[in-house]
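Everything on this sheet refers to the single structure shown next.
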Amino acid sequence: MASLNVGNLGGFLREQRRSAQLSLRQLADAAGVSNPYLSQIERGLRKPSAEILQQLAKALRISAETLYVQAGILDERDREETEVRGVILADPSINERQKQVLLQIYESFRKENGLQTASDDASDTPDTGAGVAAPSN
């Protein structure tokens, strides 16, 4: 895990808060953290946990992964893959089998382009792409 880059995180949070037209107190209340604690995060004096970052992201209506990247917890490429996988898995208009097929196709394209996927980390079995069928309606 990378070390937290709280200086950049604080400035980023302040910028997001201002663009959302929220006061420090409003954001602290919405995120369920104290006003002084949020102020210290914005000034780079505190290192918030992933849980606090998630609460702040929800209050700011941005993805938690965006804050994780800013804090140095998550690599930018990991964030992009996580977001794509999350969107696919959260889509209520497709069934579970279709979701798995889409994820397999996505991962095969990433492999073809030489990018490591999250499932590669969990499995050592090679994916030949065989047996992947288009989802039926």
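Please note that chains go A, B, ... in the order of the structure tokens, that every chain numbers its residues from 1, and that ligands are numbered from 1 in the order shown.
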
Task: Every residue of segment 10-113 of chain A that DSSP places in alpha helix (DSSP H), as a ChimeraX atom specification - done: /A:10-19,24-31,35-42,50-60,64-71,76-90,96-112

Do a neighbour search on Ala30 of chain A at 8 Å with only C-alpha atoms, toss out local chain neighbours closer than 4 positions, and write the hits as a PyMOL selection string.
chain A and resi 26+56+59

A straight line from atom CA of Pro48 of chain A to atom CA of Arg61 of chain A spans 17.7 Å

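The space between atom CA of Glu65 of chain A and atom CA of Gln16 of chain A spans 14.2 Å.
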
Atom pair atom CA of Ile105 of chain A + atom CA of Thr66 of chain A, distance 24.8 Å

Nearest-residue call for Lys47 of chain A, choices A:Ala20, A:Ile94, A:Ala71, A:Leu103, using only C-alpha atoms: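 Checking each candidate against Lys47 of chain A, we get A:Ala71 as the closest.
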
Can you work out which one of A:Ser49, A:Asn113, A:Ser39, A:Gln104 has the shortest atom-to-atom distance to Leu27 of chain A, counting only C-alpha atoms?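 That would be A:Ser39, the residue with the smallest distance to Leu27 of chain A.
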
Item checked: Counting only C-alpha atoms, the residue of A:Asn8, A:Gln70, A:Ser19, A:Ser63 that sits nearest Gly44 of chain A ->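 Counting only C-alpha atoms, the residue closest to Gly44 of chain A is A:Asn8.
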
Residue with the minimum atom-to-atom distance to Glu80 of chain A, picked from A:Ala64, A:Val33, A:Leu24, A:Asn95 with only C-alpha atoms counted, is A:Ala64

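Nearest-residue note for Arg43 of chain A: choosing from A:Gly114, A:Gly86, A:Gly72, A:Gly10, the minimum distance belongs to A:Gly10, counting only C-alpha atoms.
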
### Query
Can you list, as an MDAnalysis selection string, every protein, DNA or RNA residue that comes within 9 Å of segment 88-91 of chain A when you count only C-alpha atoms, leaving out same-chain residues fewer than 5 positions away?
chainID A and resid 83 96 99:100 102:103

For the selection just defined, write its residues with N, CA and C atoms to a file, as a CSV table (one decimal), in the first residue's frame.
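result.csv written:
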```
chain,number,residue,atom,x,y,z
A,83,GLU,N,-13.9,0.8,-11.1
A,83,GLU,CA,-15.1,1.5,-11.5
A,83,GLU,C,-15.9,0.8,-12.6
A,96,GLU,N,-27.2,-11.9,-13.8
A,96,GLU,CA,-25.9,-12.3,-13.3
A,96,GLU,C,-25.0,-12.9,-14.3
A,99,LYS,N,-23.7,-10.3,-16.6
A,99,LYS,CA,-22.6,-9.5,-15.9
A,99,LYS,C,-21.3,-10.3,-16.0
A,100,GLN,N,-21.3,-11.6,-15.7
A,100,GLN,CA,-20.1,-12.3,-15.7
A,100,GLN,C,-19.5,-12.4,-17.1
A,102,LEU,N,-19.8,-10.1,-19.5
A,102,LEU,CA,-19.3,-8.8,-19.8
A,102,LEU,C,-17.9,-8.6,-19.0
A,103,LEU,N,-17.8,-9.1,-17.8
A,103,LEU,CA,-16.6,-9.0,-17.1
A,103,LEU,C,-15.5,-9.8,-17.7
```

Determine, using only C-alpha atoms, which residues of segment 52-93 of chain A have any atom at most 12 Å from an atom of segment 106-110 of chain A, and tabulate each with its shortest atom pair and distance in Å to one decimal place, rows ordered by chain and then rising number, as a tab-separated table.
```
residue	atom	partner	partner_atom	distance
A:Arg77	CA	A:Arg110	CA	11.2
A:Glu80	CA	A:Arg110	CA	11.7
A:Glu81	CA	A:Glu107	CA	9.3
A:Thr82	CA	A:Glu107	CA	11.7
A:Val84	CA	A:Tyr106	CA	8.9
A:Arg85	CA	A:Tyr106	CA	8.8
A:Ile88	CA	A:Tyr106	CA	10.2
```

Would you mind exporting N, CA and C atoms of the selected residues as a PDB file, in the first residue's frame?
```pdb
ATOM      1  N   ARG A  77      -4.841   3.234 -12.346  1.00  0.00           N
ATOM      2  CA  ARG A  77      -5.307   2.142 -13.222  1.00  0.00           C
ATOM      3  C   ARG A  77      -6.215   1.189 -12.467  1.00  0.00           C
ATOM      4  N   GLU A  80      -9.725   2.774 -12.239  1.00  0.00           N
ATOM      5  CA  GLU A  80     -10.500   2.679 -13.466  1.00  0.00           C
ATOM      6  C   GLU A  80     -11.103   1.287 -13.621  1.00  0.00           C
ATOM      7  N   GLU A  81     -10.311   0.261 -13.357  1.00  0.00           N
ATOM      8  CA  GLU A  81     -10.817  -1.102 -13.476  1.00  0.00           C
ATOM      9  C   GLU A  81     -11.908  -1.358 -12.439  1.00  0.00           C
ATOM     10  N   THR A  82     -11.702  -0.893 -11.221  1.00  0.00           N
ATOM     11  CA  THR A  82     -12.686  -1.080 -10.163  1.00  0.00           C
ATOM     12  C   THR A  82     -14.003  -0.404 -10.517  1.00  0.00           C
ATOM     13  N   VAL A  84     -15.187   0.292 -13.569  1.00  0.00           N
ATOM     14  CA  VAL A  84     -15.843  -0.429 -14.661  1.00  0.00           C
ATOM     15  C   VAL A  84     -16.525  -1.674 -14.112  1.00  0.00           C
ATOM     16  N   ARG A  85     -15.808  -2.436 -13.304  1.00  0.00           N
ATOM     17  CA  ARG A  85     -16.382  -3.652 -12.724  1.00  0.00           C
ATOM     18  C   ARG A  85     -17.599  -3.307 -11.857  1.00  0.00           C
ATOM     19  N   ILE A  88     -20.702  -2.466 -14.012  1.00  0.00           N
ATOM     20  CA  ILE A  88     -21.276  -3.682 -14.597  1.00  0.00           C
ATOM     21  C   ILE A  88     -22.051  -4.467 -13.542  1.00  0.00           C
TER      22      ILE A  88
END
```
